[in-house]
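Undergrad: Input structure: protein_13.txt, which contains compact mmCIF, C-alpha atoms.
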```
# COMPACT_ATOMS: atom_id res chain seq x y z
CA MET A 1 56.65 121.58 2.05
CA GLU A 2 57.28 125.30 2.00
CA GLU A 3 54.63 126.04 -0.58
CA THR A 4 51.64 128.00 0.68
CA LYS A 5 48.12 126.77 0.07
CA LYS A 6 46.91 130.04 -1.51
CA GLY A 7 49.11 130.71 -4.50
CA GLY A 8 51.38 127.69 -4.41
CA LEU A 9 54.42 129.93 -3.99
CA GLY A 10 56.97 129.40 -1.25
CA LYS A 11 59.91 131.26 0.22
CA LYS A 12 62.32 129.66 -2.23
CA ASP A 13 60.25 130.94 -5.16
CA PHE A 14 60.44 134.51 -3.88
CA ILE A 15 64.18 134.30 -3.26
CA LEU A 16 64.90 132.77 -6.66
CA SER A 17 62.58 135.24 -8.40
CA ALA A 18 64.36 138.13 -6.67
CA ILE A 19 67.72 136.76 -7.84
CA ILE A 20 66.45 136.40 -11.42
CA VAL A 21 65.11 139.98 -11.41
CA LEU A 22 68.41 141.25 -9.96
CA MET A 23 70.40 139.35 -12.60
CA ALA A 24 68.09 140.68 -15.34
CA ILE A 25 68.82 144.23 -14.11
CA PHE A 26 72.55 143.45 -14.20
CA GLN A 27 72.20 142.13 -17.74
CA CYS A 28 70.32 145.26 -18.85
CA THR A 29 72.99 147.44 -17.26
CA LEU A 30 75.63 145.42 -19.10
CA ILE A 31 73.82 145.91 -22.43
CA LEU A 32 73.63 149.67 -21.86
CA GLN A 33 77.26 149.86 -20.70
CA SER A 34 78.52 147.77 -23.63
CA ALA A 35 76.67 150.08 -26.01
CA GLY A 36 78.22 153.12 -24.33
CA ILE A 37 74.82 154.47 -23.21
CA LEU A 38 75.69 154.07 -19.51
CA ASP A 39 79.09 154.83 -18.01
CA TYR A 40 81.00 152.21 -16.05
CA MET B 1 40.54 122.60 -34.66
CA LYS B 2 42.63 125.73 -34.48
CA ARG B 3 44.61 126.25 -31.27
CA LYS B 4 44.34 129.62 -29.52
CA TRP B 5 47.53 131.66 -29.30
CA THR B 6 48.99 132.10 -25.83
CA PHE B 7 50.11 135.39 -24.31
CA LYS B 8 53.72 134.22 -24.65
CA GLU B 9 53.27 133.65 -28.38
CA TYR B 10 51.67 137.09 -28.89
CA TYR B 11 54.50 138.68 -26.91
CA LEU B 12 57.19 136.93 -29.00
CA LEU B 13 55.37 137.89 -32.20
CA PHE B 14 55.25 141.53 -31.06
CA LEU B 15 58.99 141.46 -30.36
CA ALA B 16 59.77 139.84 -33.72
CA VAL B 17 57.58 142.19 -35.77
CA THR B 18 58.78 145.43 -34.14
CA LEU B 19 62.37 144.22 -34.38
CA LEU B 20 61.99 143.46 -38.09
CA ILE B 21 60.37 146.84 -38.81
CA TYR B 22 62.99 148.80 -36.87
CA GLY B 23 65.81 146.65 -38.32
CA ALA B 24 64.63 147.35 -41.88
CA TYR B 25 64.23 151.07 -41.12
CA SER B 26 67.71 151.17 -39.61
CA MET B 27 69.22 149.48 -42.69
CA ILE B 28 67.53 151.90 -45.07
CA SER B 29 68.47 154.96 -43.02
CA SER B 30 72.14 153.92 -42.85
CA LYS B 31 72.40 153.71 -46.62
CA GLU B 32 73.66 157.29 -46.94
CA THR B 33 77.21 156.91 -48.13
CA GLU B 34 79.92 158.01 -45.82
CA ASP B 35 82.54 160.40 -47.12
CA TYR B 36 85.62 158.19 -46.89
CA SER B 37 87.95 160.87 -48.24
CA GLU B 38 87.60 162.61 -44.86
CA PHE B 39 89.50 159.74 -43.24
CA ILE B 40 92.40 160.31 -45.66
CA TYR B 41 92.55 164.05 -44.94
CA GLN B 42 92.54 163.30 -41.20
CA SER B 43 95.58 161.01 -41.46
CA GLU B 44 99.01 162.16 -40.27
CA LEU B 45 100.33 162.52 -43.86
CA SER B 46 99.03 166.06 -44.54
CA ILE B 47 97.25 165.05 -47.70
CA ASP B 48 95.53 167.88 -49.51
CA GLN B 49 94.09 166.28 -52.62
CA VAL B 50 92.32 162.97 -53.26
CA GLU B 51 90.90 161.30 -56.34
CA LYS B 52 88.71 158.18 -56.30
CA VAL B 53 90.09 155.52 -58.66
CA ASN B 54 88.15 152.39 -57.73
CA ASN B 55 84.80 151.55 -56.14
CA SER B 56 85.12 148.01 -54.81
CA PRO B 57 87.34 147.99 -52.86
CA LEU B 58 87.32 151.73 -52.46
CA VAL B 59 90.69 153.12 -53.60
CA PHE B 60 91.81 156.75 -53.73
CA LYS B 61 94.93 158.33 -55.15
CA ALA B 62 96.08 160.90 -52.61
CA TYR B 63 98.58 163.72 -52.94
CA SER B 64 100.44 165.88 -50.51
CA SER B 65 101.88 169.09 -51.89
CA GLY B 66 103.91 170.26 -48.91
CA GLN B 67 107.70 170.31 -48.74
CA SER B 68 107.91 166.78 -50.03
CA SER B 69 105.24 166.25 -52.64
CA ASN B 70 104.17 162.63 -52.52
CA ARG B 71 101.63 160.39 -54.11
CA TYR B 72 99.82 157.70 -52.15
CA TYR B 73 97.17 155.03 -52.57
CA ALA B 74 94.51 154.83 -49.86
CA VAL B 75 92.51 151.61 -49.83
CA PHE B 76 89.49 150.77 -47.67
CA SER B 77 88.87 147.12 -46.81
CA GLU B 78 87.10 145.06 -44.18
CA ALA B 79 87.12 141.68 -42.44
CA VAL B 80 84.99 139.94 -39.84
CA GLY B 81 86.48 140.02 -36.35
CA TYR B 82 85.28 138.48 -33.08
CA GLN B 83 81.76 139.82 -33.34
CA SER B 84 81.73 142.58 -35.94
CA THR B 85 83.01 143.72 -39.30
CA ILE B 86 86.22 145.71 -38.88
CA GLU B 87 86.80 148.43 -41.50
CA VAL B 88 90.36 149.50 -42.16
CA MET B 89 92.02 152.28 -44.15
CA THR B 90 95.53 151.57 -45.44
CA ILE B 91 97.67 154.30 -47.02
CA ILE B 92 100.54 153.12 -49.23
CA ASP B 93 103.34 155.29 -50.61
CA GLU B 94 104.51 155.25 -54.22
CA ILE B 95 107.22 152.65 -53.65
CA GLY B 96 104.69 150.22 -52.20
CA HIS B 97 105.28 150.58 -48.47
CA ILE B 98 102.50 150.96 -45.93
CA ASN B 99 102.53 154.40 -44.27
CA VAL B 100 99.29 154.34 -42.31
CA VAL B 101 96.82 151.73 -41.09
CA ASP B 102 93.70 153.02 -39.34
CA VAL B 103 90.73 151.08 -38.03
CA ILE B 104 87.86 153.36 -39.07
CA ALA B 105 84.91 151.23 -37.85
CA GLU B 106 84.49 148.25 -35.55
CA SER B 107 82.09 146.96 -32.89
CA GLU B 108 84.29 144.42 -31.15
CA THR B 109 83.92 143.72 -27.43
CA PRO B 110 85.37 146.93 -25.90
CA ALA B 111 87.43 145.05 -23.31
CA PHE B 112 89.18 143.09 -26.09
CA PHE B 113 89.62 145.92 -28.52
CA GLU B 114 91.21 148.13 -25.87
CA LYS B 115 94.15 145.69 -25.94
CA ILE B 116 94.60 146.37 -29.66
CA LYS B 117 94.45 150.12 -29.15
CA ALA B 118 96.76 150.01 -26.12
CA SER B 119 99.43 148.03 -27.98
CA LYS B 120 99.21 150.35 -31.04
CA PHE B 121 98.65 147.34 -33.26
CA GLU B 122 97.96 149.47 -36.36
CA LYS B 123 101.51 150.94 -36.12
CA ARG B 124 103.01 147.46 -36.53
CA PHE B 125 102.11 147.53 -40.24
CA THR B 126 104.17 150.65 -40.97
CA ASP B 127 106.85 150.06 -43.66
CA LEU B 128 105.61 146.56 -44.60
CA SER B 129 105.67 145.97 -48.34
CA VAL B 130 102.44 145.54 -50.27
CA LYS B 131 104.27 143.49 -52.90
CA GLU B 132 104.34 140.45 -50.58
CA PRO B 133 101.54 138.87 -48.52
CA ILE B 134 101.13 140.39 -45.07
CA SER B 135 100.82 137.56 -42.62
CA ILE B 136 100.34 137.33 -38.88
CA ASN B 137 102.39 135.51 -36.24
CA ASN B 138 101.39 133.80 -32.99
CA ALA B 139 97.81 133.28 -34.03
CA LYS B 140 96.79 129.70 -33.38
CA GLY B 141 94.63 128.12 -36.02
CA TYR B 142 95.39 130.76 -38.63
CA PHE B 143 97.67 130.48 -41.60
CA GLU B 144 100.72 131.96 -39.94
CA ASN B 145 103.23 131.97 -42.72
CA VAL B 146 103.72 131.55 -46.40
CA ASP B 147 105.56 128.52 -47.82
CA GLY B 148 106.27 127.08 -44.38
CA ALA B 149 108.57 129.87 -43.25
CA TYR B 150 107.87 132.94 -41.14
CA SER B 151 107.67 135.86 -43.48
CA LYS B 152 109.43 139.07 -42.54
CA ASN B 153 106.45 140.87 -43.97
CA SER B 154 104.33 140.06 -40.95
CA VAL B 155 102.99 141.43 -37.69
CA ASP B 156 102.61 139.79 -34.28
CA SER B 157 99.05 139.25 -33.14
CA ILE B 158 97.78 140.61 -29.82
CA GLY B 159 97.35 137.98 -27.12
CA GLY B 160 93.79 137.99 -25.79
CA ALA B 161 92.49 139.74 -28.91
CA THR B 162 93.76 137.28 -31.53
CA ILE B 163 90.62 137.10 -33.65
CA SER B 164 90.32 140.89 -33.90
CA SER B 165 94.03 141.33 -34.68
CA VAL B 166 93.90 138.62 -37.36
CA ALA B 167 90.84 140.32 -38.87
CA ILE B 168 92.68 143.66 -39.05
CA ALA B 169 95.70 141.98 -40.68
CA LYS B 170 93.40 140.22 -43.13
CA ALA B 171 91.61 143.46 -44.03
CA VAL B 172 94.97 145.20 -44.55
CA ASN B 173 96.26 142.31 -46.67
CA ASP B 174 93.07 142.25 -48.78
CA GLY B 175 93.43 145.97 -49.47
CA THR B 176 97.17 145.92 -50.14
CA SER B 177 96.89 142.84 -52.41
CA PHE B 178 94.41 144.72 -54.56
CA VAL B 179 96.67 147.77 -54.76
CA ALA B 180 99.73 145.57 -55.51
CA GLU B 181 97.94 143.78 -58.31
CA ASN B 182 96.36 146.82 -59.93
CA TYR B 183 98.89 149.58 -59.41
CA PHE B 184 102.25 147.81 -58.87
CA ASP B 185 101.80 144.81 -61.22
CA GLU B 186 102.52 142.27 -58.46
CA THR B 187 100.33 139.25 -57.74
CA VAL B 188 100.03 138.51 -54.04
CA ILE B 189 98.61 135.24 -52.67
CA SER B 190 96.51 135.79 -49.57
CA PRO B 191 97.67 133.84 -46.51
CA PHE B 192 94.26 134.38 -44.91
CA ASN B 193 91.66 132.79 -47.14
CA VAL B 194 93.34 129.41 -46.94
CA PHE B 195 91.40 126.65 -45.28
CA SER B 196 93.26 125.58 -42.17
CA PHE B 197 92.54 122.65 -39.90
CA GLY B 198 94.63 122.38 -36.77
CA LEU B 199 94.43 121.35 -33.15
CA GLN B 200 91.80 124.00 -32.40
CA GLU B 201 89.44 122.76 -35.09
CA ALA B 202 90.10 119.09 -34.23
CA GLY B 203 89.33 119.76 -30.54
CA LEU B 204 86.05 121.42 -31.47
CA LEU B 205 85.12 118.80 -34.05
CA PHE B 206 85.67 116.09 -31.42
CA ILE B 207 82.93 117.49 -29.16
CA PHE B 208 80.56 117.79 -32.15
CA VAL B 209 81.20 114.12 -32.98
CA ILE B 210 80.49 113.16 -29.34
CA ALA B 211 77.23 115.15 -29.47
CA VAL B 212 76.11 113.27 -32.59
CA LEU B 213 77.18 109.89 -31.22
CA SER B 214 75.24 110.53 -27.99
CA LEU B 215 72.04 110.14 -30.01
CA ARG B 216 73.04 106.66 -31.17
CA ILE B 217 75.18 105.32 -28.36
CA LYS B 218 73.33 105.72 -25.09
CA ALA B 219 76.38 104.56 -23.09
CA ILE B 220 78.00 107.93 -23.83
CA ASN B 221 75.59 109.48 -21.33
CA LYS B 222 77.33 107.54 -18.56
CA PHE B 223 80.42 109.66 -19.22
CA ARG B 224 78.45 112.89 -19.43
CA LYS B 225 80.17 114.45 -16.41
CA TRP B 226 83.59 113.92 -17.99
CA ILE B 227 82.54 115.04 -21.45
CA LEU B 228 81.15 118.24 -19.92
CA LEU B 229 84.45 118.69 -18.15
CA TYR B 230 86.14 118.43 -21.57
CA SER B 231 83.81 121.15 -22.91
CA VAL B 232 84.71 123.41 -20.00
CA THR B 233 88.45 122.88 -20.01
CA VAL B 234 89.28 122.25 -23.66
CA THR B 235 86.65 124.04 -25.76
CA GLY B 236 86.12 126.77 -23.15
CA PHE B 237 89.37 127.60 -21.39
CA TYR B 238 91.94 126.21 -23.83
CA LEU B 239 90.38 126.75 -27.26
CA ASN B 240 87.99 129.63 -26.41
CA GLN B 241 85.47 128.26 -28.89
CA PHE B 242 81.79 128.99 -28.36
CA ILE B 243 78.93 130.77 -30.09
CA ASN B 244 78.27 134.32 -28.96
CA PHE B 245 75.43 136.65 -29.87
CA GLY B 246 77.66 138.71 -32.17
CA MET B 247 78.42 135.58 -34.23
CA ILE B 248 74.71 134.88 -34.71
CA PHE B 249 74.18 138.50 -35.76
CA SER B 250 77.11 138.34 -38.22
CA PHE B 251 75.70 135.11 -39.63
CA MET B 252 72.25 136.66 -40.06
CA ASN B 253 73.50 139.78 -41.82
CA GLY B 254 75.90 137.90 -44.08
CA SER B 255 79.20 139.12 -42.56
CA TRP B 256 80.96 135.77 -42.67
CA PRO B 257 84.70 135.44 -41.97
CA GLY B 258 87.30 133.91 -44.31
CA MET B 259 87.65 130.13 -44.59
CA ASN B 260 90.76 130.30 -42.39
CA ASN B 261 88.31 130.67 -39.50
CA PHE B 262 86.95 127.14 -39.88
CA SER B 263 85.87 127.05 -36.22
CA TRP B 264 83.33 129.84 -36.93
CA TYR B 265 81.76 127.77 -39.71
CA LEU B 266 81.86 124.60 -37.63
CA LEU B 267 80.14 126.30 -34.69
CA ILE B 268 77.43 128.02 -36.74
CA PHE B 269 76.77 125.47 -39.47
CA GLY B 270 77.51 122.46 -37.24
CA THR B 271 74.96 123.67 -34.70
CA LEU B 272 72.33 124.58 -37.30
CA GLY B 273 73.02 121.38 -39.24
CA LEU B 274 72.42 119.30 -36.12
CA VAL B 275 69.18 121.18 -35.41
CA PHE B 276 67.87 120.53 -38.93
CA LEU B 277 69.06 116.92 -39.11
CA THR B 278 68.14 115.74 -35.63
CA GLY B 279 65.49 118.21 -34.44
CA ARG B 280 67.48 118.61 -31.21
CA ASN B 281 69.54 121.42 -29.72
CA LEU B 282 72.76 119.47 -29.23
CA TYR B 283 74.91 122.61 -28.98
CA CYS B 284 73.50 123.65 -25.60
CA GLN B 285 73.30 120.08 -24.41
CA TRP B 286 76.88 119.01 -25.14
CA ILE B 287 79.03 121.67 -26.76
CA CYS B 288 78.50 125.05 -25.05
CA PRO B 289 81.28 125.38 -22.46
CA PHE B 290 79.32 127.80 -20.26
CA GLY B 291 76.33 125.46 -20.10
CA ALA B 292 78.82 122.75 -19.21
CA VAL B 293 80.40 124.92 -16.46
CA GLN B 294 77.01 125.26 -14.76
CA GLU B 295 76.13 121.59 -15.08
CA VAL B 296 79.57 120.48 -13.89
CA ILE B 297 79.19 122.71 -10.81
CA LEU B 298 75.78 121.19 -10.09
CA ARG B 299 76.94 117.60 -10.64
CA PHE B 300 80.25 117.85 -8.82
CA GLY B 301 78.83 120.10 -6.08
CA GLY B 302 76.38 117.39 -5.08
CA LEU B 303 73.85 119.83 -3.53
CA LYS B 304 70.11 119.26 -3.75
CA GLN B 305 68.48 120.99 -6.72
CA ILE B 306 65.98 123.73 -5.89
CA LYS B 307 63.17 123.95 -8.41
CA LEU B 308 61.27 127.12 -9.14
CA ASN B 309 57.47 127.05 -9.41
CA PRO B 310 56.67 126.05 -13.05
CA LYS B 311 54.33 129.05 -13.48
CA LEU B 312 57.17 131.40 -12.56
CA VAL B 313 59.58 129.48 -14.80
CA SER B 314 57.27 130.06 -17.74
CA VAL B 315 57.08 133.83 -16.95
CA PHE B 316 60.85 134.18 -16.50
CA ARG B 317 61.49 132.33 -19.75
CA LEU B 318 60.46 135.57 -21.42
CA VAL B 319 63.57 137.27 -20.00
CA PRO B 320 66.05 135.96 -22.67
CA PRO B 321 64.01 137.22 -25.66
CA THR B 322 63.35 140.52 -23.87
CA LEU B 323 67.06 141.08 -23.19
CA ALA B 324 67.94 140.07 -26.75
CA TYR B 325 65.26 142.49 -28.02
CA ILE B 326 66.65 145.42 -26.01
CA ALA B 327 70.20 144.66 -27.21
CA LEU B 328 69.16 144.31 -30.87
CA MET B 329 67.09 147.53 -30.79
CA ILE B 330 70.17 149.38 -29.51
CA VAL B 331 72.28 147.74 -32.24
CA PHE B 332 69.85 148.94 -34.92
CA ARG B 333 69.75 152.42 -33.38
CA ASN B 334 73.52 152.83 -33.05
CA HIS B 335 74.61 150.81 -36.10
CA GLU B 336 77.18 149.12 -33.83
CA ILE B 337 76.93 145.70 -32.27
CA TYR B 338 78.61 146.46 -28.92
CA ALA B 339 75.30 145.97 -27.11
CA LEU B 340 75.28 142.26 -27.96
CA ALA B 341 78.27 141.59 -25.71
CA TYR B 342 76.32 140.92 -22.51
CA ASP B 343 77.01 137.21 -22.15
CA PRO B 344 79.42 135.95 -19.49
CA PHE B 345 81.44 133.74 -21.88
CA GLY B 346 84.24 136.26 -22.47
CA ALA B 347 84.47 136.91 -18.74
CA ILE B 348 84.89 133.32 -17.70
CA PHE B 349 86.98 131.98 -20.60
CA ASN B 350 89.03 135.04 -21.57
CA MET B 351 89.00 136.85 -18.23
CA THR B 352 87.90 140.04 -19.97
CA ALA B 353 84.69 141.86 -19.06
CA LEU B 354 83.11 145.06 -17.83
CA PRO B 355 83.04 145.51 -14.01
CA ILE B 356 79.36 144.62 -13.59
CA MET B 357 80.01 141.20 -15.13
CA TRP B 358 82.50 140.50 -12.33
CA ILE B 359 79.60 140.95 -9.88
CA SER B 360 77.20 138.81 -11.93
CA LEU B 361 79.57 135.94 -12.67
CA PRO B 362 80.18 134.75 -9.08
CA LEU B 363 76.42 134.99 -8.47
CA LEU B 364 75.71 132.88 -11.58
CA ILE B 365 78.27 130.29 -10.53
CA PHE B 366 76.98 130.19 -6.95
CA ILE B 367 73.36 129.63 -8.06
CA SER B 368 74.55 126.85 -10.40
CA LEU B 369 75.29 124.84 -7.24
CA PHE B 370 71.57 124.20 -6.74
CA GLN B 371 69.86 125.33 -9.98
CA TYR B 372 70.10 123.40 -13.24
CA ARG B 373 71.71 125.68 -15.88
CA PHE B 374 70.48 128.93 -14.31
CA TYR B 375 72.00 131.27 -16.93
CA CYS B 376 70.86 129.08 -19.85
CA THR B 377 67.27 128.98 -18.63
CA TYR B 378 66.69 132.62 -17.75
CA PHE B 379 69.18 134.77 -19.68
CA CYS B 380 71.03 133.16 -22.58
CA PRO B 381 70.24 134.66 -26.01
CA ILE B 382 72.12 131.86 -27.81
CA GLY B 383 70.14 129.06 -26.16
CA PHE B 384 66.92 130.97 -26.81
CA SER B 385 67.77 131.41 -30.52
CA ILE B 386 68.77 127.77 -31.02
CA ASN B 387 65.74 126.47 -29.10
CA LEU B 388 63.42 128.68 -31.16
CA THR B 389 65.00 127.41 -34.41
CA THR B 390 64.63 123.83 -33.14
CA LYS B 391 60.95 124.39 -32.28
CA LEU B 392 60.22 125.96 -35.68
CA ARG B 393 62.08 123.13 -37.44
CA ASN B 394 60.09 120.49 -35.55
CA LYS B 395 56.77 122.23 -36.18
CA GLY B 396 57.62 122.51 -39.87
CA VAL B 397 58.55 118.83 -40.08
CA GLU B 398 55.36 117.87 -38.22
CA ARG B 399 53.23 119.90 -40.62
CA TRP B 400 55.06 118.49 -43.64
CA LYS B 401 54.49 114.92 -42.39
CA LYS B 402 50.77 115.62 -41.83
CA GLN B 403 50.42 117.04 -45.32
CA LYS B 404 52.26 114.07 -46.77
CA LYS B 405 49.96 111.71 -44.88
CA ALA B 406 46.85 113.57 -46.04
CA ALA B 407 48.04 113.45 -49.64
```
Take the structure in this file and express it as structure tokens.
TA:
Amino acid sequence: MEETKKGGLGKKDFILSAIIVLMAIFQCTLILQSAGILDY
Amino acid sequence: MKRKWTFKEYYLLFLAVTLLIYGAYSMISSKETEDYSEFIYQSELSIDQVEKVNNSPLVFKAYSSGQSSNRYYAVFSEAVGYQSTIEVMTIIDEIGHINVVDVIAESETPAFFEKIKASKFEKRFTDLSVKEPISINNAKGYFENVDGAYSKNSVDSIGGATISSVAIAKAVNDGTSFVAENYFDETVISPFNVFSFGLQEAGLLFIFVIAVLSLRIKAINKFRKWILLYSVTVTGFYLNQFINFGMIFSFMNGSWPGMNNFSWYLLIFGTLGLVFLTGRNLYCQWICPFGAVQEVILRFGGLKQIKLNPKLVSVFRLVPPTLAYIALMIVFRNHEIYALAYDPFGAIFNMTALPIMWISLPLLIFISLFQYRFYCTYFCPIGFSINLTTKLRNKGVERWKKQKKAA
């Protein structure tokens, strides 16, 4: 298995977490753009 | 023994309390009455004198004293659109013809409402008579005509913004009917508040029935793939019927549409009804077309599922309430609900969205190939709201049963 002994987190966890964070940033941007606070 | 609260519970409580306080403050601070007469003066009719003659709906008599001195009635009315209440001003001349229709407030999805603005939809009402009902054509699932025949006193709806255009027509009709009845002695029957049940409603009701039956008839689960495909193609792409955040907000603040929009009631009350009756979130499981899109991709794609570490899952499950919190705070600050339109439903099923959604959507669909309902788990405000209601319902029932047992 990929999971490391120390924290139990593997490569796939980091990649997926990075994607979730990126998507969350996109969603925030979308909220601000929809509200007219950020330009698009 | 009393259970200790978790960090997650404290965090959600903090969000809920601050949201309630700010929401209440925002409601109180927006109570200052707007000066509606300004809208009349700003119209193209060079009006120089107004006199309020009715409060609900708000009606003014307006006069222009230029070369042609005219008398008008200006009526302000509203109706619930796709995700917000649309406020409309209609100015009627003394023979009962509409001169001006102006949308004075709305918070519809910008991408949809631009279509209405671009096609100058408000101009289509010019010269219609207020002494007859004003109906709308080409709007599936709405009462299109009066007495089975297309009325000449009608406007064509805007494709791709049907719900908003119907709401504007309904608001105009509500206002003009009042003016006709009170100042022109004509009774007008509204073509909008009539209960209508057509193909759209039947298609949506079908998937609700399947969801209920799935609890009793386990064999239905064997056809899950195909039922999900129905949700995607029929309820999603063909009927465009799904709950969005704006609908939940409208429901919570009491802005409910007319009974002609039966699908709205079916989606909201059907979903809530199933939560309270069964203690399960059947909407996300069977009905939501976007949830179905992701599951269909996973099932038909046939790739191996990648599972995220459960500890991380539990942390990232705080993303949906956090996003919903940010959006709602902005809504309370701006008194407009544009910020709630951050879901990908409009993009995928109506092909209308802001540019950044066109970057997010392919990514969401790609991840669905090896992640079970990625959007639902980490981002969806609808799923979060329904799951929270389900949890609260189940806890309440559990407590009630314990108390009953103890008694």
Undergrad: Using 5 Å of padding on each side, determine the axis-aligned box around all atoms of region 35-38 of chain A present in the file and give its centre and edge lengths in Å to one decimal, as lines of an AutoDock Vina configuration file.
TA:
```
center_x = 76.5
center_y = 152.3
center_z = -22.8
size_x = 13.4
size_y = 14.4
size_z = 16.5
```
Undergrad: Each residue of chain B with at least one atom at most 9 Å from chain A should appear once, together with its nearest atom pair and the corresponding distance in Å (one decimal); atoms considered: only C-alpha atoms; ordering: chain, then increasing residue number; output as CSV.
TA:
```
residue,atom,partner,partner_atom,distance
B:Thr109,CA,A:Ser34,CA,7.7
B:Pro110,CA,A:Ser34,CA,7.3
B:Ile306,CA,A:Lys12,CA,7.9
B:Lys307,CA,A:Asp13,CA,8.2
B:Leu308,CA,A:Asp13,CA,5.6
B:Asn309,CA,A:Asp13,CA,6.4
B:Leu312,CA,A:Ser17,CA,7.8
B:Phe316,CA,A:Ile20,CA,7.9
B:Val319,CA,A:Ala24,CA,7.3
B:Pro320,CA,A:Ala24,CA,9.0
B:Leu323,CA,A:Cys28,CA,6.9
B:Ile326,CA,A:Ile31,CA,8.0
B:Ala327,CA,A:Ile31,CA,6.1
B:Ile330,CA,A:Ala35,CA,7.4
B:Val331,CA,A:Ala35,CA,8.0
B:Asn334,CA,A:Ala35,CA,8.2
B:Glu336,CA,A:Ala35,CA,7.9
B:Ile337,CA,A:Ala35,CA,7.6
B:Tyr338,CA,A:Ala35,CA,5.0
B:Ala339,CA,A:Ala35,CA,4.5
B:Leu340,CA,A:Ile31,CA,6.8
B:Ala341,CA,A:Ser34,CA,6.5
B:Tyr342,CA,A:Ile31,CA,5.6
B:Asp343,CA,A:Gln27,CA,8.2
B:Leu354,CA,A:Leu30,CA,7.6
B:Pro355,CA,A:Tyr40,CA,7.3
B:Ile356,CA,A:Leu30,CA,6.7
B:Met357,CA,A:Leu30,CA,7.3
B:Ile359,CA,A:Phe26,CA,8.6
B:Ser360,CA,A:Met23,CA,6.9
B:Leu363,CA,A:Met23,CA,8.5
B:Leu364,CA,A:Met23,CA,8.4
B:Phe374,CA,A:Ile20,CA,9.0
B:Tyr378,CA,A:Ile20,CA,7.4
B:Phe379,CA,A:Ala24,CA,7.4
```
Undergrad: In Å, how far is it from CA of Ser37 (chain B) to CA of Glu51 (chain B)?
TA: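 Calculated distance between CA of Ser37 (chain B) and CA of Glu51 (chain B) is 8.6 Å.
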Undergrad: Mind giving me the straight-line distance from CA of Asp102 (chain B) to CA of Val88 (chain B) in Å, one decimal?
TA: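 These atoms are spaced 5.6 Å apart.
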Undergrad: Please measure the separation of CA of Thr187 (chain B) and CA of Glu94 (chain B), giving the value in Å to one decimal.
TA: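 Pair CA of Thr187 (chain B) / CA of Glu94 (chain B) returns 16.9 Å.
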Undergrad: Give the answer as one residue: which of B:Phe195, B:Phe276, B:Phe249, B:Phe349 has the shortest atom-to-atom distance to Leu392 (chain B), using only C-alpha atoms?
TA: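 Once distances to Leu392 (chain B) are computed over only C-alpha atoms, the minimum belongs to B:Phe276.
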Undergrad: Counting all atoms listed in the file, figure out which residue out of B:Gly254, B:Gly396, B:Gly236, B:Gly198 gets nearest to Ala292 (chain B).
TA: B:Gly236
Undergrad: Please determine, counting only C-alpha atoms, which residue among B:Ala105, B:Thr235, B:Gly258, B:Thr377 has the shortest atom-to-atom distance to Ser314 (chain B).
TA: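 Closest to Ser314 (chain B) of all the choices is B:Thr377.
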Undergrad: Can you work out which one of B:Gly279, B:Phe14, B:Ile365, B:Ser157 has the shortest atom-to-atom distance to Ile116 (chain B), counting only C-alpha atoms?
TA: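 Of B:Gly279, B:Phe14, B:Ile365, B:Ser157, the one nearest Ile116 (chain B) is B:Ser157, counting only C-alpha atoms.
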